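Participant: What follows is coords_34.tsv, TSV, C-alpha atoms.
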```tsv
chain	number	residue	atom	x	y	z
A	128	MET	CA	30.00	5.47	4.82
A	129	THR	CA	28.49	7.37	1.87
A	130	ASN	CA	27.03	4.19	0.40
A	131	THR	CA	25.47	3.33	3.77
A	132	LYS	CA	23.86	6.76	3.99
A	133	ASN	CA	22.48	6.38	0.46
A	134	VAL	CA	20.94	3.02	1.34
A	135	LEU	CA	19.34	4.47	4.47
A	136	ARG	CA	17.87	7.41	2.51
A	137	TYR	CA	16.27	5.05	0.02
A	138	LEU	CA	15.09	2.38	2.46
A	139	PRO	CA	11.37	3.08	1.76
A	140	SER	CA	11.92	2.49	-1.97
A	141	ILE	CA	14.05	-0.59	-1.35
A	142	GLY	CA	11.34	-1.99	0.91
A	143	ILE	CA	8.69	-1.36	-1.75
A	144	LEU	CA	10.76	-3.16	-4.39
A	145	ILE	CA	11.23	-6.11	-2.03
A	146	PHE	CA	7.46	-6.17	-1.43
A	147	ILE	CA	6.74	-6.24	-5.16
A	148	ALA	CA	9.19	-9.10	-5.70
A	149	LEU	CA	7.67	-11.07	-2.81
A	150	TYR	CA	4.15	-10.33	-4.08
A	151	PHE	CA	4.95	-11.96	-7.42
A	152	TYR	CA	6.76	-14.81	-5.68
A	153	ALA	CA	3.80	-15.49	-3.38
A	154	THR	CA	1.39	-15.75	-6.31
A	155	LEU	CA	3.35	-18.76	-7.57
A	156	PHE	CA	2.31	-20.73	-4.47
A	157	TYR	CA	-1.36	-19.74	-4.27
A	158	PRO	CA	-3.47	-22.89	-4.89
A	159	GLY	CA	-6.35	-21.03	-6.50
A	160	GLY	CA	-9.91	-19.83	-6.22
A	161	SER	CA	-11.55	-16.41	-6.18
A	162	ARG	CA	-15.00	-14.86	-5.84
A	163	ALA	CA	-15.42	-15.11	-9.59
A	164	HIS	CA	-14.06	-18.66	-9.98
A	165	VAL	CA	-14.19	-20.62	-6.73
A	166	ASN	CA	-12.60	-23.76	-8.16
A	167	ALA	CA	-9.92	-22.06	-10.24
A	168	THR	CA	-6.29	-23.16	-10.08
A	169	GLY	CA	-3.52	-20.69	-9.35
A	170	PHE	CA	-3.53	-16.93	-8.76
A	171	GLU	CA	-5.71	-14.97	-11.20
A	172	TRP	CA	-4.53	-11.37	-11.46
A	173	GLN	CA	-7.91	-10.16	-12.68
A	174	ASN	CA	-9.92	-11.95	-9.98
A	175	ASN	CA	-7.82	-12.46	-6.84
A	176	HIS	CA	-7.33	-9.86	-4.13
A	177	TRP	CA	-4.01	-9.38	-2.35
A	178	CYS	CA	-5.65	-10.65	0.85
A	179	ASN	CA	-6.28	-14.03	-0.79
A	180	LEU	CA	-2.55	-14.66	-0.61
A	181	MET	CA	-2.58	-14.23	3.18
A	182	ALA	CA	-5.51	-16.53	3.97
A	183	GLU	CA	-4.89	-19.84	5.79
A	184	LYS	CA	-6.76	-21.61	3.01
A	185	SER	CA	-7.23	-20.56	-0.57
A	186	VAL	CA	-10.74	-19.89	-1.88
A	187	ASN	CA	-10.84	-23.36	-3.46
A	188	GLY	CA	-10.39	-24.89	0.00
A	189	LEU	CA	-6.75	-26.00	-0.14
A	190	GLU	CA	-4.02	-25.15	2.35
A	191	ASN	CA	-2.32	-21.93	1.26
A	192	PRO	CA	1.52	-22.10	1.20
A	193	ALA	CA	1.65	-18.52	-0.10
A	194	ARG	CA	0.49	-17.20	3.30
A	195	PRO	CA	3.85	-16.81	5.14
A	196	ILE	CA	5.48	-15.20	2.10
A	197	ALA	CA	2.62	-12.74	1.68
A	198	ILE	CA	2.49	-11.84	5.38
A	199	PHE	CA	6.24	-11.22	5.43
A	200	ALA	CA	5.89	-9.09	2.29
A	201	LEU	CA	3.18	-7.03	3.98
A	202	VAL	CA	5.33	-6.46	7.08
A	203	VAL	CA	8.18	-5.25	4.84
A	204	LEU	CA	5.82	-2.91	2.96
A	205	CYS	CA	4.17	-1.44	6.06
A	206	SER	CA	7.50	-0.90	7.80
A	207	SER	CA	8.82	0.84	4.70
A	208	MET	CA	5.73	3.06	4.45
A	209	ILE	CA	5.92	4.08	8.12
A	210	LEU	CA	9.51	5.16	7.56
A	211	PHE	CA	8.49	7.00	4.39
A	212	PHE	CA	5.67	8.94	6.09
A	213	HIS	CA	8.05	10.12	8.79
A	214	LYS	CA	10.66	11.16	6.23
A	215	PHE	CA	8.06	12.88	4.07
A	216	ALA	CA	6.64	14.87	7.00
A	217	ASP	CA	10.08	16.01	8.11
A	218	HIS	CA	11.11	16.99	4.59
A	219	PHE	CA	8.01	18.55	3.04
A	220	GLU	CA	5.82	19.72	5.93
A	221	GLU	CA	6.64	22.75	8.10
A	222	ASP	CA	3.40	23.00	10.09
A	223	LYS	CA	3.86	21.04	13.33
A	224	THR	CA	0.24	19.88	13.52
A	225	TRP	CA	0.19	18.52	9.99
A	226	LYS	CA	3.66	17.03	10.42
A	227	MET	CA	2.42	15.05	13.43
A	228	THR	CA	-0.87	14.18	11.69
A	229	ILE	CA	0.95	12.60	8.73
A	230	LYS	CA	3.25	10.63	11.03
A	231	VAL	CA	0.54	9.40	13.43
A	232	ALA	CA	-2.12	8.60	10.81
A	233	GLY	CA	0.47	6.93	8.59
A	234	THR	CA	1.75	4.78	11.43
A	235	LEU	CA	-1.75	3.79	12.62
A	236	GLY	CA	-2.82	2.96	9.08
A	237	MET	CA	0.19	0.76	8.43
A	238	LEU	CA	-0.08	-1.00	11.80
A	239	SER	CA	-3.72	-1.77	10.92
A	240	ALA	CA	-2.66	-3.05	7.51
A	241	ILE	CA	-0.20	-5.55	9.01
A	242	PHE	CA	-3.09	-7.45	10.62
A	243	ILE	CA	-5.61	-7.45	7.77
A	244	PHE	CA	-5.08	-11.19	7.37
A	245	THR	CA	-6.88	-11.74	10.71
A	246	PRO	CA	-10.68	-12.14	11.20
A	247	LEU	CA	-10.80	-8.35	11.77
A	248	HIS	CA	-10.02	-7.79	8.10
A	249	ASN	CA	-13.00	-5.54	7.27
A	250	VAL	CA	-12.58	-3.38	10.39
A	251	LEU	CA	-8.83	-2.99	9.84
A	252	THR	CA	-9.34	-2.25	6.14
A	253	THR	CA	-11.73	0.55	7.09
A	254	ILE	CA	-9.20	1.98	9.57
A	255	LEU	CA	-6.49	1.72	6.93
A	256	SER	CA	-8.64	3.55	4.37
A	257	LEU	CA	-9.55	6.35	6.81
A	258	CYS	CA	-5.96	6.83	7.98
A	259	GLY	CA	-4.73	6.55	4.41
A	260	GLY	CA	-7.17	9.25	3.35
A	261	VAL	CA	-5.95	11.59	6.09
A	262	VAL	CA	-2.31	10.95	5.19
A	263	ILE	CA	-2.86	11.55	1.48
A	264	ILE	CA	-4.76	14.77	2.20
A	265	GLY	CA	-1.84	15.91	4.35
A	266	MET	CA	0.65	14.99	1.66
A	267	ILE	CA	-1.35	16.73	-1.06
A	268	ARG	CA	-1.51	19.85	1.10
A	269	ALA	CA	2.25	19.85	1.66
A	270	LEU	CA	3.04	19.21	-2.00
A	271	HIS	CA	0.64	21.93	-3.14
A	272	LYS	CA	2.29	24.43	-0.80
A	273	ARG	CA	5.65	23.45	-2.27
A	274	LYS	CA	4.21	24.06	-5.77
A	275	LEU	CA	4.93	20.48	-6.86
A	276	ALA	CA	2.01	20.32	-9.28
A	277	LEU	CA	2.61	16.89	-10.83
A	278	PHE	CA	3.05	15.19	-7.47
A	279	THR	CA	-0.06	16.98	-6.20
A	280	ILE	CA	-2.16	15.74	-9.13
A	281	ILE	CA	-0.94	12.18	-8.67
A	282	GLY	CA	-1.79	12.47	-4.98
A	283	ILE	CA	-5.36	13.45	-5.86
A	284	LEU	CA	-5.56	10.42	-8.17
A	285	CYS	CA	-4.31	8.22	-5.30
A	286	MET	CA	-7.06	9.64	-3.10
A	287	ALA	CA	-9.64	8.80	-5.76
A	288	ILE	CA	-8.28	5.25	-6.09
A	289	VAL	CA	-8.60	4.69	-2.32
A	290	GLY	CA	-12.25	5.75	-2.52
A	291	LEU	CA	-12.96	3.64	-5.60
A	292	ASN	CA	-11.32	0.60	-4.07
A	293	ASN	CA	-13.67	0.76	-1.08
A	294	LEU	CA	-16.71	1.43	-3.29
A	295	PHE	CA	-15.96	-1.52	-5.55
A	296	TYR	CA	-15.07	-3.87	-2.70
A	297	TYR	CA	-18.29	-3.33	-0.75
A	298	SER	CA	-20.65	-3.03	-3.74
A	299	GLU	CA	-22.09	-6.34	-4.98
A	300	SER	CA	-22.62	-4.99	-8.48
A	301	LEU	CA	-19.02	-3.74	-8.76
A	302	THR	CA	-17.10	-6.25	-6.65
A	303	GLN	CA	-15.94	-8.18	-9.74
A	304	TYR	CA	-13.78	-5.20	-10.67
A	305	SER	CA	-12.37	-4.73	-7.17
A	306	PRO	CA	-9.21	-6.86	-7.66
A	307	LEU	CA	-8.16	-4.80	-10.67
A	308	ILE	CA	-8.86	-1.50	-8.90
A	309	GLN	CA	-6.84	-2.74	-5.92
A	310	LYS	CA	-3.85	-3.55	-8.11
A	311	LEU	CA	-4.14	-0.20	-9.91
A	312	GLY	CA	-4.08	1.43	-6.49
A	313	PHE	CA	-0.96	-0.51	-5.53
A	314	VAL	CA	0.83	0.55	-8.72
A	315	LEU	CA	-0.12	4.21	-8.50
A	316	ILE	CA	0.45	4.73	-4.77
A	317	LEU	CA	3.71	2.79	-4.61
A	318	ALA	CA	5.07	4.52	-7.74
A	319	TRP	CA	4.13	7.89	-6.21
A	320	THR	CA	5.90	6.92	-2.99
A	321	VAL	CA	9.09	5.86	-4.76
A	322	ALA	CA	9.09	9.04	-6.86
A	323	LEU	CA	8.68	11.18	-3.74
A	324	ASN	CA	11.44	9.25	-1.96
A	325	VAL	CA	13.74	10.02	-4.89
A	326	LYS	CA	12.58	13.67	-4.95
A	327	MET	CA	13.27	14.28	-1.26
A	328	ASN	CA	16.81	12.90	-1.66
A	329	ALA	CA	17.61	14.82	-4.85
A	330	LYS	CA	20.27	17.47	-4.42
```
Written as structure tokens, that's how I'd like the structure from this file.
Facilitator:
Amino acid sequence: MTNTKNVLRYLPSIGILIFIALYFYATLFYPGGSRAHVNATGFEWQNNHWCNLMAEKSVNGLENPARPIAIFALVVLCSSMILFFHKFADHFEEDKTWKMTIKVAGTLGMLSAIFIFTPLHNVLTTILSLCGGVVIIGMIRALHKRKLALFTIIGILCMAIVGLNNLFYYSESLTQYSPLIQKLGFVLILAWTVALNVKMNAK
């Protein structure tokens, strides 16, 4: 019974680790191509976006067998993050309005993220970024009130990464750096999430 409870408490972190493993696995099946090198072969970490893995066809025009793996990975990640936002709000936030804001914005953002592989990609990405910004602001507020300085600073960095990712993605002069910024954002935000999941379960 104790082991089951421990697994349930760490489900967000377990889901994130599964996502990371599936992310790497999906890259092995991506045929190739990116904005920088249209006819390239295979997944290029410095040039390919995560969304490339979920496209029906790769940028070089071939059928993309990585798609179902990547979509499943995204569903696992978003489900894990929704659970995390609810756990975080219940654990760290006392104000009822902010508690609900974190839960609702987090859920809406993750539900939008699940469907970013559709033709509504840009619209859903914008919704995800806006909701993500609200959630991170709420989390930073709660962590600051709890005097968790390191987690607060990392949260501010996560907020900056979200902004930079959008700036680089939509700017023609900076878009070549967007894939790297996106991956940096993944690493920082997911590491922050896992650390917070561990923190809220620490005795």
Participant: Would you mind listing what lies within 8 Å of His176 of chain A as an MDAnalysis selection string, with all atoms listed in the file counted and same-chain residues fewer than 5 positions away left out?
Facilitator: chainID A and resid 305:306 309
Participant: Write the selection just made, keeping C-alpha atoms, as a short mmCIF file (atom, residue, chain, number, x, y, z; two decimals), in the frame of the given file?
Facilitator:
```cif
data_model
loop_
_atom_site.label_atom_id
_atom_site.label_comp_id
_atom_site.auth_asym_id
_atom_site.auth_seq_id
_atom_site.Cartn_x
_atom_site.Cartn_y
_atom_site.Cartn_z
CA SER A 305 -12.37 -4.73 -7.17
CA PRO A 306 -9.21 -6.86 -7.66
CA GLN A 309 -6.84 -2.74 -5.92
#
```
Participant: Choose the residue, out of A:Leu307, A:His271, A:Cys205, A:Trp225, that has the smallest atom-to-atom separation from Ile243 of chain A; count all atoms listed in the file.
Facilitator: A:Cys205
Participant: So that I can see what lies close to Arg268 of chain A, please list as a list in words the residues with an atom at most 9 Å from it, counting all atoms listed in the file and leaving out residues fewer than 5 positions away in the same chain.
Facilitator: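 Result of the neighbour search: Glu220, Ile263, Arg273 and Thr279 of chain A.
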Participant: Need the shell around Thr168 of chain A: protein/DNA/RNA residues with any atom at most 8 Å away, counting only C-alpha atoms. Skip same-chain ones fewer than 3 positions apart. Format as a list of chain:residue names?
Facilitator: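 Selected residues are A:Pro158, A:Gly159, A:Gly160.
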Participant: Up to 9 Å from (7.6, 18.9, 1.3) in the file's coordinates: name the residues, counting all atoms listed in the file, as an NGL selection string.
Facilitator: :A and (215-221 or 266 or 269-273 or 275 or 327)
Participant: Let me see the file: selected residues, C-alpha atoms, as a tab-separated table (two decimals), in the coordinates of the input.
Facilitator:
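Resulting contents of out-v5.tsv:
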```tsv
chain	number	residue	atom	x	y	z
A	215	PHE	CA	8.06	12.88	4.07
A	216	ALA	CA	6.64	14.87	7.00
A	217	ASP	CA	10.08	16.01	8.11
A	218	HIS	CA	11.11	16.99	4.59
A	219	PHE	CA	8.01	18.55	3.04
A	220	GLU	CA	5.82	19.72	5.93
A	221	GLU	CA	6.64	22.75	8.10
A	266	MET	CA	0.65	14.99	1.66
A	269	ALA	CA	2.25	19.85	1.66
A	270	LEU	CA	3.04	19.21	-2.00
A	271	HIS	CA	0.64	21.93	-3.14
A	272	LYS	CA	2.29	24.43	-0.80
A	273	ARG	CA	5.65	23.45	-2.27
A	275	LEU	CA	4.93	20.48	-6.86
A	327	MET	CA	13.27	14.28	-1.26
```
Participant: How many Å lie between atom CA of Ile283 of chain A and atom CA of Ile229 of chain A, rounded to one decimal?
Facilitator: 15.9 Å
Participant: Please, what distance in Å, to one decimal, runs between atom CA of Thr252 of chain A and atom CA of Ala240 of chain A?
Facilitator: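 So the answer is 6.9 Å.
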Participant: From the options A:Leu180, A:Ala232, A:Val165, A:Val314, which residue's atoms come nearest to Ala200 of chain A, counting all atoms listed in the file?
Facilitator: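 Of all the options, A:Leu180 lies closest to Ala200 of chain A.
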Participant: Report, in Å to a single decimal, how far apart atom CA of Tyr157 of chain A and atom CA of Glu171 of chain A are.
Facilitator: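 One can read the atom CA of Glu171 of chain A to atom CA of Tyr157 of chain A distance as 9.5 Å.
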Participant: Need the shell around segment 183-191 of chain A: protein/DNA/RNA residues with any atom at most 12 Å away, counting all atoms listed in the file. Skip same-chain ones fewer than 2 positions apart. Format as a PyMOL selection string?
Facilitator: chain A and resi 153-171+174-181+193-198+244-246
Participant: Between A:Ile280, A:Ile316, A:Ile147, A:Leu210, which residue has the minimum interatomic distance to Gly259 of chain A, considering all atoms listed in the file?
Facilitator: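 Residue with the minimum atom-to-atom distance to Gly259 of chain A: A:Ile316.
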Participant: Tell me which residues come within 12 Å of (15.5, 2.4, 1.3), as a PyMOL selection string, counting all atoms listed in the file in the file's coordinates.
Facilitator: chain A and resi 130-145+203-204+206-211+214+320-321+324-325+328
Participant: May I have the residues within 8 Å of segment 292-299 of chain A as a list in words, using all atoms listed in the file and disregarding those fewer than 3 positions away in the same chain?
Facilitator: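 The neighbour list is Ser256, Ile288, Val289, Thr302, Gln303, Tyr304, Ser305, Ile308, Gln309 and Gly312 of chain A.
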Participant: Between A:Met227, A:Leu301, A:Leu247, A:Leu235, which is the closest to Gly265 of chain A once you count only C-alpha atoms?
Facilitator: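 Residue with the minimum atom-to-atom distance to Gly265 of chain A: A:Met227.
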Participant: Using all atoms listed in the file, which of A:Leu149, A:Val202, A:Ile264, A:Ile281 sits nearest Leu238 of chain A?
Facilitator: A:Val202
Participant: Using all atoms listed in the file, which of the listed residues (A:Leu257, A:Leu323, A:Leu315, A:Ile241) sits closest to Phe278 of chain A?
Facilitator: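 Counting all atoms listed in the file, the residue closest to Phe278 of chain A is A:Leu323.
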